[in-house]
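Below: entry15.csv (CSV, C-alpha atoms and all ligand atoms)
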```
chain,number,residue,atom,x,y,z
G,18,MET,CA,-15.0,-11.7,0.4
G,19,ARG,CA,-11.9,-9.5,1.0
G,20,ARG,CA,-8.7,-11.4,1.7
G,21,LYS,CA,-6.3,-9.6,4.0
G,22,PHE,CA,-3.2,-8.3,2.3
G,23,ILE,CA,0.0,-7.6,4.2
G,24,VAL,CA,2.7,-5.7,2.3
G,25,GLY,CA,6.1,-4.8,3.6
G,26,ASN,CA,7.5,-1.4,2.4
G,27,TRP,CA,11.2,-1.7,2.7
G,28,LYS,CA,11.7,2.0,1.8
G,29,MET,CA,15.5,2.7,1.1
G,30,HIS,CA,16.6,-0.5,2.9
G,31,LYS,CA,18.0,-3.8,1.6
G,32,GLY,CA,20.2,-3.8,-1.5
G,33,PRO,CA,20.1,-6.8,-3.8
G,34,ALA,CA,22.2,-9.2,-1.7
G,35,GLU,CA,20.3,-8.5,1.6
G,36,ALA,CA,17.0,-8.5,-0.3
G,37,ASP,CA,17.7,-11.9,-1.8
G,38,THR,CA,18.5,-13.3,1.6
G,39,PHE,CA,15.4,-11.8,3.2
G,40,ALA,CA,13.2,-13.0,0.3
G,41,ASP,CA,14.6,-16.5,0.6
G,42,ALA,CA,13.8,-16.5,4.4
G,43,LEU,CA,10.3,-15.3,3.7
G,44,LYS,CA,9.8,-17.9,1.0
G,45,ARG,CA,11.0,-20.8,3.3
G,46,ALA,CA,8.9,-19.5,6.2
G,47,LEU,CA,5.7,-19.2,4.2
G,48,ALA,CA,6.1,-22.4,2.1
G,49,GLY,CA,3.2,-24.7,2.3
G,50,ARG,CA,1.2,-22.3,4.5
G,51,ASP,CA,-2.5,-22.2,4.3
G,52,ALA,CA,-2.6,-19.1,2.3
G,53,ALA,CA,-5.5,-17.3,4.0
G,54,VAL,CA,-3.6,-14.0,3.8
G,55,ASP,CA,-2.1,-12.3,0.7
G,56,VAL,CA,1.5,-11.2,1.3
G,57,GLY,CA,3.7,-8.8,-0.6
G,58,VAL,CA,7.0,-6.9,-0.3
G,59,ALA,CA,8.1,-3.6,-1.8
G,60,PRO,CA,11.9,-3.5,-2.2
G,61,PRO,CA,13.8,-0.6,-3.6
G,62,PHE,CA,14.1,-0.5,-7.4
G,63,LEU,CA,17.6,-2.0,-7.6
G,64,SER,CA,16.6,-5.1,-5.5
G,65,LEU,CA,13.4,-5.8,-7.5
G,66,PRO,CA,15.0,-8.3,-10.0
G,67,ALA,CA,16.5,-10.4,-7.2
G,68,VAL,CA,13.3,-10.5,-5.2
G,69,VAL,CA,11.1,-11.2,-8.3
G,70,ALA,CA,13.4,-14.1,-9.2
G,71,ARG,CA,13.5,-15.5,-5.7
G,72,LEU,CA,9.7,-15.2,-5.1
G,73,LYS,CA,8.6,-16.6,-8.5
G,74,HIS,CA,5.8,-19.2,-8.1
G,75,THR,CA,5.5,-18.6,-4.3
G,76,GLY,CA,2.4,-16.5,-4.4
G,77,ILE,CA,4.3,-13.7,-2.5
G,78,GLN,CA,3.7,-10.5,-4.4
G,79,VAL,CA,6.3,-8.0,-5.4
G,80,ALA,CA,5.6,-4.3,-5.5
G,81,ALA,CA,7.6,-1.3,-6.5
G,82,GLN,CA,7.6,1.8,-4.2
G,83,ASN,CA,7.2,4.3,-7.0
G,84,LEU,CA,6.9,4.8,-10.8
G,85,HIS,CA,7.1,7.6,-13.3
G,86,ALA,CA,3.8,8.5,-15.0
G,87,GLU,CA,5.3,8.5,-18.6
G,88,ILE,CA,6.2,5.3,-20.6
G,89,GLN,CA,9.7,6.6,-21.4
G,90,GLY,CA,11.6,9.8,-22.2
G,91,ALA,CA,14.1,12.3,-20.8
G,92,TYR,CA,13.3,11.8,-17.1
G,93,THR,CA,16.7,11.2,-15.6
G,94,GLY,CA,16.7,8.9,-12.6
G,95,GLU,CA,13.1,7.7,-13.2
G,96,VAL,CA,11.6,4.3,-13.8
G,97,SER,CA,8.3,3.7,-15.8
G,98,GLY,CA,5.5,1.3,-15.0
G,99,GLU,CA,6.3,-0.5,-18.3
G,100,MET,CA,9.8,-1.2,-17.1
G,101,LEU,CA,8.6,-2.4,-13.7
G,102,ARG,CA,6.0,-4.7,-15.3
G,103,GLY,CA,8.7,-6.0,-17.7
G,104,ALA,CA,10.8,-6.9,-14.7
G,105,GLY,CA,8.0,-9.0,-13.3
G,106,VAL,CA,6.7,-6.6,-10.7
G,107,ALA,CA,2.9,-6.9,-10.0
G,108,TYR,CA,2.0,-4.0,-7.7
G,109,CYS,CA,3.2,-0.4,-7.2
G,110,LEU,CA,2.8,2.0,-4.2
G,111,VAL,CA,1.4,5.3,-5.3
G,112,GLY,CA,1.1,8.5,-3.2
G,113,HIS,CA,3.0,7.3,-0.2
G,114,SER,CA,3.2,10.2,2.3
G,115,GLU,CA,7.0,10.2,2.0
G,116,ARG,CA,6.6,10.8,-1.7
G,117,ARG,CA,4.0,13.5,-1.1
G,118,GLN,CA,6.0,15.2,1.6
G,119,LEU,CA,9.6,14.8,0.6
G,120,PHE,CA,9.3,14.7,-3.1
G,121,GLY,CA,6.5,17.1,-3.7
G,122,GLU,CA,4.0,14.7,-5.2
G,123,THR,CA,0.7,16.5,-5.5
G,124,ASP,CA,-2.8,15.0,-5.9
G,125,ALA,CA,-2.5,15.6,-9.6
G,126,VAL,CA,0.8,13.6,-9.9
G,127,VAL,CA,-0.7,10.8,-7.8
G,128,GLU,CA,-3.7,10.6,-10.2
G,129,LYS,CA,-1.4,10.4,-13.2
G,130,LYS,CA,0.6,7.6,-11.5
G,131,VAL,CA,-2.6,5.6,-10.7
G,132,HIS,CA,-3.4,5.7,-14.5
G,133,ALA,CA,0.2,4.9,-15.4
G,134,CYS,CA,-0.2,1.7,-13.2
G,135,PHE,CA,-3.3,0.7,-15.1
G,136,ARG,CA,-1.7,1.5,-18.5
G,137,SER,CA,1.3,-0.7,-17.7
G,138,GLY,CA,-0.6,-3.6,-16.0
G,139,LEU,CA,0.6,-2.8,-12.5
G,140,LEU,CA,-1.9,-2.9,-9.6
G,141,PRO,CA,-1.8,0.3,-7.6
G,142,ILE,CA,-1.5,0.4,-3.8
G,143,LEU,CA,-2.8,3.9,-3.3
G,144,CYS,CA,-1.8,5.6,0.0
G,145,VAL,CA,-3.9,8.3,1.6
G,146,GLY,CA,-3.8,9.9,5.0
G,147,GLU,CA,-3.8,13.2,6.9
G,148,THR,CA,-1.1,15.0,8.8
G,149,LEU,CA,-1.2,15.6,12.5
G,150,ALA,CA,-2.1,19.3,12.0
G,151,GLU,CA,-5.0,18.3,9.7
G,152,ARG,CA,-6.2,15.8,12.3
G,153,GLU,CA,-5.9,18.4,15.1
G,154,ALA,CA,-7.9,20.8,13.0
G,155,GLY,CA,-10.6,18.2,12.6
G,156,HIS,CA,-10.0,18.0,8.8
G,157,GLU,CA,-8.9,14.3,8.6
G,158,ARG,CA,-11.9,13.0,6.8
G,159,GLU,CA,-12.1,15.8,4.2
G,160,VAL,CA,-8.4,15.4,3.5
G,161,VAL,CA,-8.6,11.7,2.9
G,162,VAL,CA,-11.8,12.0,0.8
G,163,ARG,CA,-10.1,14.8,-1.3
G,164,GLN,CA,-7.1,12.5,-1.9
G,165,LEU,CA,-9.4,9.6,-3.0
G,166,GLN,CA,-11.5,11.8,-5.3
G,167,ALA,CA,-8.3,13.2,-6.9
G,168,ALA,CA,-6.7,9.9,-7.4
G,169,LEU,CA,-9.7,7.8,-8.4
G,170,GLY,CA,-12.0,10.4,-10.0
G,171,LYS,CA,-11.5,9.1,-13.6
G,172,VAL,CA,-11.0,5.4,-12.8
G,173,GLN,CA,-13.8,3.2,-14.1
G,174,ALA,CA,-15.9,1.6,-11.3
G,175,ASP,CA,-15.0,-2.0,-12.4
G,176,GLN,CA,-11.3,-1.1,-12.1
G,177,VAL,CA,-11.5,0.3,-8.6
G,178,PRO,CA,-11.4,-3.1,-6.7
G,179,SER,CA,-8.1,-3.8,-8.3
G,180,VAL,CA,-6.7,-0.8,-6.4
G,181,THR,CA,-5.6,-1.6,-2.9
G,182,LEU,CA,-6.2,1.5,-0.7
G,183,ALA,CA,-3.8,2.1,2.2
G,184,TYR,CA,-5.0,4.5,4.9
G,185,GLU,CA,-1.7,5.8,6.4
G,186,PRO,CA,-2.1,8.7,8.9
G,187,VAL,CA,1.1,10.6,8.4
G,188,TRP,CA,1.5,11.1,12.1
G,189,ALA,CA,1.7,7.4,12.6
G,190,ILE,CA,4.3,6.6,9.9
G,191,GLY,CA,7.7,5.7,11.4
G,192,THR,CA,6.8,7.5,14.6
G,193,GLY,CA,5.9,4.5,16.8
G,194,LYS,CA,2.5,6.1,17.3
G,195,THR,CA,-0.2,3.8,15.9
G,196,ALA,CA,-3.7,4.9,15.3
G,197,SER,CA,-5.9,3.0,17.8
G,198,PRO,CA,-8.0,0.2,16.3
G,199,LEU,CA,-11.1,2.4,16.7
G,200,GLN,CA,-9.4,5.5,15.2
G,201,ALA,CA,-8.3,3.4,12.2
G,202,GLN,CA,-11.7,1.7,11.9
G,203,GLU,CA,-13.4,5.0,11.9
G,204,MET,CA,-11.4,6.3,8.9
G,205,HIS,CA,-11.7,2.9,7.1
G,206,ALA,CA,-15.5,3.2,7.5
G,207,THR,CA,-15.4,6.7,6.1
G,208,ILE,CA,-13.4,5.4,3.1
G,209,ARG,CA,-15.8,2.5,2.6
G,210,GLY,CA,-18.7,4.9,2.9
G,211,TRP,CA,-17.1,7.1,0.2
G,212,LEU,CA,-16.7,4.1,-2.1
G,213,GLU,CA,-20.4,3.1,-1.4
G,214,ALA,CA,-21.6,6.6,-2.2
G,215,THR,CA,-19.5,6.9,-5.4
G,216,TYR,CA,-19.7,3.5,-7.1
G,217,PRO,CA,-22.0,0.5,-7.5
G,218,ALA,CA,-22.3,-1.6,-4.3
G,219,PHE,CA,-19.8,-4.3,-5.4
G,220,VAL,CA,-16.9,-1.8,-5.3
G,221,ALA,CA,-17.2,-1.0,-1.6
G,222,ARG,CA,-17.7,-4.7,-0.8
G,223,SER,CA,-14.6,-5.9,-2.7
G,224,THR,CA,-12.0,-3.1,-2.4
G,225,ARG,CA,-9.3,-3.7,0.2
G,226,ILE,CA,-8.3,-1.0,2.6
G,227,GLN,CA,-5.0,-1.6,4.4
G,228,TYR,CA,-4.0,0.3,7.5
G,229,GLY,CA,-0.4,1.6,7.7
G,230,GLY,CA,1.4,3.4,10.5
G,231,SER,CA,3.7,1.7,13.0
G,232,VAL,CA,2.1,-1.7,12.7
G,233,LYS,CA,4.1,-4.3,14.6
G,234,GLY,CA,3.7,-7.9,15.7
G,235,ALA,CA,2.3,-6.6,19.0
G,236,ASN,CA,-0.5,-4.5,17.7
G,237,ALA,CA,-1.4,-6.2,14.4
G,238,ALA,CA,-4.0,-8.6,15.8
G,239,GLU,CA,-6.2,-5.8,17.3
G,240,LEU,CA,-6.1,-3.7,14.2
G,241,MET,CA,-6.8,-6.7,11.9
G,242,LYS,CA,-10.0,-7.6,13.9
G,243,MET,CA,-11.6,-4.4,12.8
G,244,PRO,CA,-14.3,-5.0,10.2
G,245,ASP,CA,-13.1,-2.5,7.6
G,246,ILE,CA,-9.3,-3.2,8.0
G,247,ASP,CA,-8.3,-5.6,5.2
G,248,GLY,CA,-4.6,-5.9,5.9
G,249,ALA,CA,-1.6,-3.6,6.5
G,250,LEU,CA,1.1,-1.7,4.8
G,251,VAL,CA,4.1,-2.1,7.1
G,252,GLY,CA,7.3,-0.1,7.1
G,253,GLY,CA,9.9,-0.5,9.9
G,254,ALA,CA,8.5,-3.8,11.2
G,255,ALA,CA,8.7,-5.4,7.8
G,256,LEU,CA,12.5,-5.2,7.7
G,257,ASN,CA,12.7,-8.0,10.3
G,258,ALA,CA,11.5,-11.3,9.0
G,259,GLU,CA,10.3,-12.6,12.3
G,260,GLU,CA,8.3,-9.5,13.1
G,261,PHE,CA,6.9,-9.4,9.6
G,262,LEU,CA,5.8,-13.1,9.9
G,263,GLN,CA,4.1,-12.3,13.2
G,264,ILE,CA,2.1,-9.6,11.5
G,265,ILE,CA,1.1,-12.0,8.7
G,266,ALA,CA,0.1,-14.6,11.4
G,267,ALA,CA,-2.0,-12.0,13.2
G,268,ALA,CA,-3.9,-11.3,9.9
G,269,GLY,CA,-4.8,-14.9,9.4
R,1,LIG,C1,5.0,2.9,5.6
R,1,LIG,O1,6.1,3.3,5.2
R,1,LIG,O2,4.1,2.7,4.8
R,1,LIG,C2,4.8,2.7,7.0
R,1,LIG,C3,3.6,2.4,7.4
R,1,LIG,O3,5.9,2.8,7.9
R,1,LIG,P1,5.9,2.3,9.4
R,1,LIG,O4,5.2,1.0,9.5
R,1,LIG,O5,7.4,2.3,9.8
R,1,LIG,O6,5.2,3.4,10.2
```
Using structure tokens, write down the structure that the file contains.
Amino acid sequence: MRRKFIVGNWKMHKGPAEADTFADALKRALAGRDAAVDVGVAPPFLSLPAVVARLKHTGIQVAAQNLHAEIQGAYTGEVSGEMLRGAGVAYCLVGHSERRQLFGETDAVVEKKVHACFRSGLLPILCVGETLAEREAGHEREVVVRQLQAALGKVQADQVPSVTLAYEPVWAIGTGKTASPLQAQEMHATIRGWLEATYPAFVARSTRIQYGGSVKGANAAELMKMPDIDGALVGGAALNAEEFLQIIAAAG
């Protein structure tokens, strides 16, 4: 009952012109496909309008990479969920490890942003994951469960399945080191177990959990075979249309 969901996080790559060309290529490549897999892209803010326009009526989802928790105000350089929704954006990444590590986003900020998504009508893609030091100390499960509790603690059970969870071990992001399918499955099972223990049964059954961390055309199929892996959040490999399409094909 969970459709796989592949999302490309472009990070700070592809300005409007390049984004438009890429979205057009994706649209042509996926036209008329048997849509067994949900697909989305997360361009930088400035490229969102071009990509939203280009992907209208294609079924390819558009996500922002970040939002501010407030509706409006004196927050120089920030963009609210309401502005993103108004621009036709459907999803928003929240709590990406680069936001947590490089921009000081705490669990409390991530929680506010999850609620800002719901307030503005955006669907959150909530990223969680441990650092290498946390894994080496054997704390990976408690870190991920802490992040989930902090971000989702006040979310109503019936809203949880509209959150896409993305397990992204920090040591695997942009490093070329992928979690093995078994390592990833183990954490995905922990996350699903936490959902089962926390909410009524339908929540764990229907909430999607993506894996992220150096997913490529060559390793996607093995990861996607795992029973609790419901898609991927892809960084570097999503910048190349051919490679991104291979990952989508591997998920189908
Ligand atoms: C990401 O940015 O979410 C990510 C998983 O990056 P990469 O695929 O490059 O590791």
How many Å separate atom CA of G:Leu139 from atom CA of G:Gly57? 13.7 Å
As a check of understanding: the span from atom CA of G:Ala34 to atom CA of G:Leu256 is 14.1 Å
Counting only C-alpha atoms, find residues at most 12 Å from (8.4, -8.6, -17.5) (file frame) and give them as a ChimeraX atom specification. /G:65-66,69-70,98-107,137-139
Tell me which of G:Ala235, G:Leu72, G:Ala133, G:Leu110 sits closest to G:Leu250, counting only C-alpha atoms. G:Leu110
Answer as a PyMOL selection string, residues within 10 Å of (5.4, -4.4, -0.8) using only C-alpha atoms: chain G and resi 22-28+56-61+77-82+107-110+142+250-252+255
Within 7 Å of ligand LIG 1 (chain R), counting all atoms listed in the file: which residues, as a list of chain:residue names? G:Asn26, G:Lys28, G:His113, G:Glu185, G:Ala189, G:Ile190, G:Gly191, G:Thr192, G:Gly193, G:Gly229, G:Gly230, G:Ser231, G:Val232, G:Leu250, G:Val251, G:Gly252, G:Gly253, G:Ala254
